[in-house]
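*Asks:* Okay, here's the structure, questions in a sec.
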Amino acid sequence: MGGYLLKRVVSLLPVLLVVAVVDFIIIHLTPGDPASVILGAQATEEELAKLREQLGLNLPIYIRFFEWIGGLLQGDLGWSIFMDKPVTEAIWEHLGPTLSLTIMAEIIAILFAIPLGVMAANRRGTWMDQTFMTFALLGISLPSFWIGLNLILLFAVQLNWLPAAGYQPISNGLLNHFKYLIMPAISLGIMQGALIARMTRSSMLEVLNENYIRTAEAKGLKMWLVTYKHALRNAFIPILTVIGLSFATLIGGAVVTETVFNIPGIGKLIVNSVLRRDYEVIQGTVLMIAAAYVLINLIVDLLYAYIDPRVRYDKS
Amino acid sequence: METSSVTIATSQPVAPSRHHVRVAMNRFFANRLAVSGSILVLFITLICVLAPLLTSYDPLEMKVQDRLKPPSTSHWFGTDEFGRDVFTRVVYGSRISMGVGFSVVVITSIVGLLFGLYSAYYRRLDNFLMRINDGLMAFPAILLAIAILAALGPKMSNVIIALSVVYIPTVARAIRSVAITVREQTYIEAIHALGGKSWRVIWLHIAPNCLSPLIVQATFIFAYAVITEASLSFLGAGTPPPEPSWGNILNDGRTIMKQAWWMTVFPGLSIMITVLGLNLLGDGLRDLLDPHTNRAKK
Amino acid sequence: MRLGAKEKTAVPLLQVSNLVKHFPIKRGYFQEKAYVKAVSNFSLKIYKGETYGLVGESGCGKSTTGRMILRLLAPTSGSVQYKGQDITHFSDEELRNARKEMQIIFQDPYSALNPRKQIGKAIAEPMSIFNLGEKRQHKQLVLDLLRKVGLQPEHYDRYPHEFSGGQRQRIVLARALAVNPAFIVCDEPVSALDVSIQSQILNLLQQLQEDFQLTYLFIAHDLSVVRHISDRVGVMYLGHLVEEAPTDALFSEPLHPYTRALLSAVPEPNPKKRKERIVLSSEVPSPIDLPKGCVFHPRCPQAIATCKEVVPVLQEMGTGHRVACHLVS
Amino acid sequence: MIHVPLLEVKNLRTTFSTELGQVTAVDGVSFQVDSGETVGLVGESGCGKSVTSLSILRLFRKHSGTRLTGEIFFEQKELLQSSMEELQEIRGNRISMIFQDPMSSLNPVYTVGNQIAESLMLHQKLSKKAAQEKTIEMLTLVGIPSPDKRVNDYPHQLSGGMRQRVMIAMGLCCQPKLLIADEPTTALDVTIQAQILDLMLDLQKQLQMGILLITHDLGVVAEVCDRVLVMYLGQIVEEASVETLFENPKHPYTIGLMKSIPTIDGKRGKKLHVIEGIVPSLHQIPKGCRFAPRCPLADEKCRQHPPDLFEIARLHQVRCWHHERIGVGGVAFGG
């Protein structure tokens with residue numbers, strides 16, 4: 001097992017390197033002089049020079065890259081010009097809301113997606129399967145921010161049950177926290193759930209056609225045992241892959257949802273940094289998110305080994 | 001050999017019909033998903049092309065006195081806070097969404113096919129390309145697009161570049177996995193045995209067998225691109241106002257949602273119809289073009 | 001049978017000596033390198049117009065050998081001579097005309113044809129690869145080939161999915177014949193076909209051998225099929241050639257214990273002849289760590305001490321009957 | 001006391017709905033299997049032998065639009081009408097089935113021990129520990145070396161031969177009265193096949209079990225079966241004891257099959273006998289006798305009227321209008 005773990009971790013290093021390079025290049029694509037873009041036209045020459053020096057813009061690009069990487073390894077993600085604090089601190093402040101939003105959305109998604117997907121696969125061709133397919137199709141066709149707007153229109157404006165926007169950290173009471181997060185989590189969870197549900201159904205259908213399922217039926221096992229013991233565990237491997245890969249769309253969705261519901265999360269931080277041209281913050285947060293994605297997929301890889309013995313024992 | 005699986009091994013060509021196109025058409029029209037999908041997509045494309053004929057108003061012309069009028073016979077979708085006709089802006093907005101979507105699909109399909117094919121065929125290249133691919137896929141689509149647009153500035157061409165960079169890895173990964181299964185087929189080994197050179201193997205044998213999955217993947221990429229473009233404009237990072245795009249119309253409507261419900265409903269509906277049409281078409285094409293999966297899904 | 005008398009004098013069309021193929025397997029970064037020893041110093045000679053049958057159970061390395069002969073797989077060591085010329089280390093360019101004369105047909109007819117290409121074009125493709133004659137003539141050549149393999153001209157622009165397994169094998173044969181080859185490796189060509197179709201293809205193979213003066217290396221695991229079509233037969237076990245003889249000699253008095261066990265295990269379609277079977281115990285050992293000495297000794301009913309130590313060498317026991325076994329020499 | 005067979009299939013008809021419309025894969029098949037007897041169901045691809053075996057335990061996907069008519073009696077119980085619960089009581093307990101491809105017939109993510117114990121706990125209500133012991137006992141019975149270690153192995157760690165032994169252990173752990181074996185040795189090498197066939201015959205004697213063996217290999221039939229049913233395009237064309245079938249076959253298809261197989265001894269002729277043409281598709285079943293298009297003896301009567309299964313001797317039936325003219329003393333077959 002250890003060998004497998006080590007192999008997976010080692011294979012991540014080049015990916016993380018690519019993530020860092022891509023992240024660095026994007027920000028340095030800015031045509032023209034970033035200093036004047038940040039400070040605006042009326043900045044004096046000497047202010048521009050100080051900023052350029054501070055950003056290290058006068059150094060050749062590869063030197064700045066290695067300096068940046070050096071800083072990264074010591075946990076220094078750069079400095080926010082706008083908020084005048086280290087990027088790591090800015091990220092830490094905004095991490096809480098995004099974490100609870102994405103976790104809640106993912107839980108909603110998985111809780112609905114997997115049972116529905118399995119049931120639809122089990123009753124393929126019946127009306128239940130058709131309605132499932134239609135809802136799942138709608139789910140991936142509705143932009144999450146539009147769902148958000150409509151939820152606000154209904155629950156906040158018309159019925160006034162829930163606050164239209166804003167955020168309450170857990171410290172101000174769990175119920176309060178939920179009140180603010182339930183609508184954003186639903187609007188984010190629908191697309192995510194639809195994606196996972198469709199994958200669950202097709203993966204289950206694939207597995208239900210396998211020979212060992214027929215063997216299980218030939219042994220006289222009850223249908224639910226065949227489905228939930230024999231089929232689901234095999235179907236779970238591709239489902240896990242989708243959950244791992246869809247983490248990226250989840251975070252992407254979170255960025256938009258936070259803007260709709262005015263939640264001070266990482267997404268909001270990035271959007272504001274873009275509008276304020278706060279490059280170092282954009283660079284740092286985008287890097288953190290990409291690194292989190294790589295970590296999540298490593299965990300998914302390790303779960304494979306737990307579920308599928310062939311991965312654990314890949315001797316010859 | 002007798003296959004114990006239930007599929008009937010018809011040992012004689014079933015309907016040795018001469019017109020393969022006719023057979024393909026029959027199967028297409030029999031597929032409800034593909035037909036309904038293509039109807040919706042065709043409908044939106046027509047709106048895109050015939051935009052000037054559909055409305056007499058100019059999408060940018062402001063008439064302050066008609067500010068925030070509800071939907072009426074003169075303004076089907078009502079007017080926005082500057083008195084511009086929302087129906088006209090939504091109709092012209094379709095050009096942005098479909099334009100961006102289509103160009104992203106063309107770019108990602110071509111580049112994705114190249115990356116996928118060559119990384120599947122040349123093992124040494126594979127490792128290098130796949131690491132870049134995994135690296136790029138680590139960035140959520142919207143974030144990568146936002147970062148690129150922040151650097152290059154919010155122009156429609158930049159939006160297309162940003163979205164292409166975001167979706168090339170997805171296409172490349174899909175094509176690579178198909179190309180690898182094709183490369184393991186015996187007819188590829190046969191062409192090697194016949195002295196066929198690499199270009200012949202790649203372009204005359206592997207590529208044609210990757211087209212169906214490419215078409216299916218492209219349809220879904222089109223849908224993702226439309227949604228992501230709308231999200232970008234909604235965040236104010238995509239197509240800059242006053243140019244009408246569904247995303248920024250929705251953004252304008254967001255703050256005055258209580259008074260002017262029509263400003264958020266209609267652009268949202270158009271996004272949904274377009275993306276739903278594309279997803280339907282994608283599902284339908286996957287059943288038609290990918291015999292393996294449609295046997296399992298039947 | 002035709003070849004009984006004169007074959008030994010002529011230069012062999014194909015000569016393979018001490019062919020070895022070890023596939024490295026990647027185990028973690030720290031364990032030492034391990035190899036699947038698929039083929040170990042395999043040698044044979046095949047003469048013009050002859051059908052050499054290579055038989056053995058799955059995993060014995062017969063297909064790997066066939067692919068190494070055609071240089072579809074690079075041998076770890078050993079040499080392949082075609083018409084006296086050593087092609088083992090030929091570059092792709094030099095291999096081209098050798099490739100023209102040496103063709104291969106496969107076991108699985110369902111994946112041997114490109115599903116997106118009409119069969120007429122598929123058969124014509126080798127002609128354009130080796131640019132034989134004008135493109136205009138290709139269609140006519142293909143139509144002749146279709147008739148020769150028992151198909152109709154109107155099949156020209158059909159797609160592979162419209163044909164049965166047997167018909168596809170005929171198309172694969174036509175494609176191999178398109179370049180007028182001298183030598184064809186038939187890798188289990190009838191194993192995936194039904195019995196009645198099998199006999200049609202075997203008869204076709206023999207007919208084509210006469211019409212085109214072809215030489216076959218016929219690889220299969222079905223002993224009765226190999227017996228029917230081969231002039232000489234080689235028996236392989238775990239990458240080693242254990243016995244080789246003219247067909248009648250091998251089947252009437254097999255010398256190697258494994259060949260005898262193999263022949264006794266074949267169920268005969270005749271209830272009266274339910275003979276006493278030599279049932280080999282246990283399983284075929286893994287090709288990664290081969291048994292020392294004779295690879296068959298762990299399962300051999302008559303294994304003696306030397307079998308466990310010394311690797312037996314193929315010895316001549318009579319006209320062309322060679323066997324690698326300590327007990328027999 | 002009238003003799004009651006272990007299994008009796010009467011006029012079984014199995015139809016599927018496919019993209020190109022209804023297809024009858026098994027069209028009016030009737031046969032019996034007794035305890036201790038091995039009946040062979042032989043034929044080429046698409047003849048319906050596998051579908052027949054699957055119909056007995058109704059092992060078709062729920063929504064595949066499969067329709068089964070006719071009657072199947074097993075120990076005085078009619079299976080086609082019995083409820084799913086009743087059928088599940090019988091599956092793996094009174095009637096067991098083993099399949100062709102050992103590589104994909106075992107669940108890759110559970111140990112072989114777990115998959116065998118599952119049947120024991122279900123049908124014999126054994127505790128986990130008792131089931132584990134019985135499982136090891138079964139693995140020893142089917143000849144798997146060091147069963148106490150193998151019981152915790154996963155399928156991908158075993159060879160094809162070993163997996164087929166596990167399948168047999170799984171099938172026989174509840175002492176079923178009938179074993180249906182669908183091409184059990186087709187995917188195995190000939191030396192391993194010999195071991196598996198011997199094992200099945202030994203276990204049959206010990207458990208006084210009936211075996212329905214589905215195969216396309218006439219050698220295996222001759223080696224193992226007592227009675228044989230030859231199937232062609234969904235119908236039984238000849239039924240006989242194994243001796244009669246090989247000495248005095250009466251149906252042109254059976255004869256054609258036997259003559260087109262190369263043998264391990266006997267004369268090495270130049271050309272093998274060939275059955276002309278190819279098996280017609282189930283969507284275009286010929287009018288009259290289904291073998292007529294490929295039969296050298298076919299005449300107008302054969303092309304117009306489908307023959308019934310005539311009883312020409314005790315336990316010897318043939319579906320052919322011209323059966324008297326065929327075989328020993330009758331029309332000699334070409335090739």
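Chain labels A, B, ... are given in the sequence in which chains occur in the structure tokens; within each chain residues are numbered consecutively from 1, and ligands are likewise numbered from 1 in the order shown.
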With a cut-off of 7 Å and counting only C-alpha atoms, select all residues of chain A in contact with chain D and give the selection as a list in words.

*Replies:*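 Going by the stated atoms only, the list reads Arg124, Gly125, Asn211, Tyr212, Arg214, Thr215, Ala218, Lys219, Gly220, Leu221, Asn234, Asp308, Pro309 and Arg310 of chain A.
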
*Asks:* Could you list, as a PyMOL selection string, the residues of chain D having an atom within 7 Å of chain C when counting only C-alpha atoms?

*Replies:* chain D and resi 44-45+189-191+194-195+218-220+222-223+242-243+246+257+260-264+268+271-272+274-275

*Asks:* If we count only C-alpha atoms and set the cut-off at 8 Å, which residues sit around D:Leu315, ignoring sequence neighbours fewer than 3 positions away in its own chain? Please answer as a PyMOL selection string.

*Replies:* chain D and resi 239-241+311

*Asks:* Would you mind exporting all heavy atoms of the selected residues as a compact mmCIF listing (two decimals), in the first residue's frame?

*Replies:*
# COMPACT_ATOMS: atom_id res chain seq x y z
N GLU D 239 -32.11 -35.14 -31.43
CA GLU D 239 -31.89 -35.53 -30.02
C GLU D 239 -31.58 -37.02 -29.99
O GLU D 239 -32.33 -37.81 -30.59
CB GLU D 239 -33.15 -35.23 -29.20
CG GLU D 239 -33.00 -35.64 -27.74
CD GLU D 239 -34.29 -35.36 -26.95
OE1 GLU D 239 -35.19 -34.67 -27.48
OE2 GLU D 239 -34.37 -35.85 -25.81
N ALA D 240 -30.47 -37.39 -29.33
CA ALA D 240 -30.11 -38.82 -29.31
C ALA D 240 -29.15 -39.09 -28.17
O ALA D 240 -28.56 -38.15 -27.61
CB ALA D 240 -29.43 -39.21 -30.63
N SER D 241 -28.99 -40.41 -27.86
CA SER D 241 -27.94 -40.75 -26.89
C SER D 241 -26.60 -40.45 -27.56
O SER D 241 -26.52 -40.37 -28.80
CB SER D 241 -28.01 -42.25 -26.58
OG SER D 241 -27.57 -42.94 -27.74
N GLU D 311 -40.04 -38.95 -33.93
CA GLU D 311 -39.41 -39.97 -33.06
C GLU D 311 -39.09 -41.16 -33.95
O GLU D 311 -39.99 -41.85 -34.43
CB GLU D 311 -40.44 -40.39 -31.97
CG GLU D 311 -39.96 -41.55 -31.09
CD GLU D 311 -39.58 -41.05 -29.69
OE1 GLU D 311 -40.06 -39.94 -29.32
OE2 GLU D 311 -38.80 -41.73 -29.01

*Asks:* Would you list which chain A residues are within 6 Å of chain B using only C-alpha atoms, as a ChimeraX atom specification?

*Replies:* /A:15,18-19,26-27,29-30,141-142,206,248-249,252,274,290,293

*Asks:* Restricted to N, CA, C and O atoms, what would the selected residues look like written as a tab-separated table (two decimals), in the first residue's frame?

*Replies:*
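Done, and the output landed in selection29.tsv:
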chain	number	residue	atom	x	y	z
A	15	VAL	N	2.81	17.91	-11.77
A	15	VAL	CA	1.53	18.61	-12.00
A	15	VAL	C	1.53	19.93	-11.23
A	15	VAL	O	1.17	20.98	-11.75
A	18	VAL	N	3.52	22.47	-12.99
A	18	VAL	CA	2.79	23.05	-14.13
A	18	VAL	C	1.79	24.07	-13.62
A	18	VAL	O	1.68	25.19	-14.16
A	19	VAL	N	1.13	23.72	-12.53
A	19	VAL	CA	0.12	24.65	-11.95
A	19	VAL	C	0.81	25.97	-11.62
A	19	VAL	O	0.35	27.05	-12.01
A	26	ILE	N	0.13	33.52	-16.48
A	26	ILE	CA	-1.11	34.27	-16.78
A	26	ILE	C	-0.96	35.71	-16.31
A	26	ILE	O	-1.19	36.66	-17.05
A	27	ILE	N	-0.53	35.84	-15.05
A	27	ILE	CA	-0.52	37.20	-14.47
A	27	ILE	C	0.49	38.06	-15.23
A	27	ILE	O	0.28	39.25	-15.45
A	29	LEU	N	1.06	38.07	-18.26
A	29	LEU	CA	0.72	38.29	-19.67
A	29	LEU	C	0.36	39.77	-19.90
A	29	LEU	O	0.17	40.20	-21.01
A	30	THR	N	0.17	40.48	-18.78
A	30	THR	CA	-0.37	41.85	-18.92
A	30	THR	C	0.46	42.67	-19.91
A	30	THR	O	1.64	42.84	-19.68
A	141	SER	N	-28.22	22.25	-17.17
A	141	SER	CA	-28.43	23.32	-18.16
A	141	SER	C	-28.74	24.66	-17.49
A	141	SER	O	-28.78	25.69	-18.15
A	142	LEU	N	-28.99	24.63	-16.18
A	142	LEU	CA	-29.36	25.89	-15.51
A	142	LEU	C	-28.10	26.53	-14.92
A	142	LEU	O	-27.44	25.91	-14.09
A	206	GLU	N	-23.44	0.52	-16.80
A	206	GLU	CA	-22.28	-0.21	-17.33
A	206	GLU	C	-22.04	-1.48	-16.47
A	206	GLU	O	-21.94	-2.59	-16.98
A	248	ALA	N	-13.37	21.12	-9.41
A	248	ALA	CA	-12.98	22.38	-10.08
A	248	ALA	C	-14.24	23.16	-10.44
A	248	ALA	O	-14.35	24.36	-10.15
A	249	THR	N	-15.26	22.47	-11.02
A	249	THR	CA	-16.48	23.22	-11.39
A	249	THR	C	-17.18	23.71	-10.13
A	249	THR	O	-17.81	24.77	-10.12
A	252	GLY	N	-15.52	26.85	-9.17
A	252	GLY	CA	-15.91	27.86	-10.18
A	252	GLY	C	-17.31	28.37	-9.88
A	252	GLY	O	-17.57	29.59	-9.81
A	274	VAL	N	-9.74	41.21	-9.12
A	274	VAL	CA	-9.68	41.42	-10.59
A	274	VAL	C	-10.07	42.86	-10.88
A	274	VAL	O	-9.36	43.58	-11.58
A	290	ALA	N	-6.03	25.72	-7.15
A	290	ALA	CA	-5.53	24.65	-8.03
A	290	ALA	C	-4.82	23.58	-7.19
A	290	ALA	O	-5.00	22.38	-7.39
A	293	TYR	N	-7.26	21.38	-5.57
A	293	TYR	CA	-7.83	20.43	-6.55
A	293	TYR	C	-6.90	19.21	-6.67
A	293	TYR	O	-7.33	18.06	-6.61

*Asks:* Here is a test: counting only C-alpha atoms, which residue of D:Leu212, D:Ala131, D:Val142, D:Ala181 is nearest to chain B?

*Replies:*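 Among D:Leu212, D:Ala131, D:Val142, D:Ala181, it is D:Ala181 that comes nearest to chain B.
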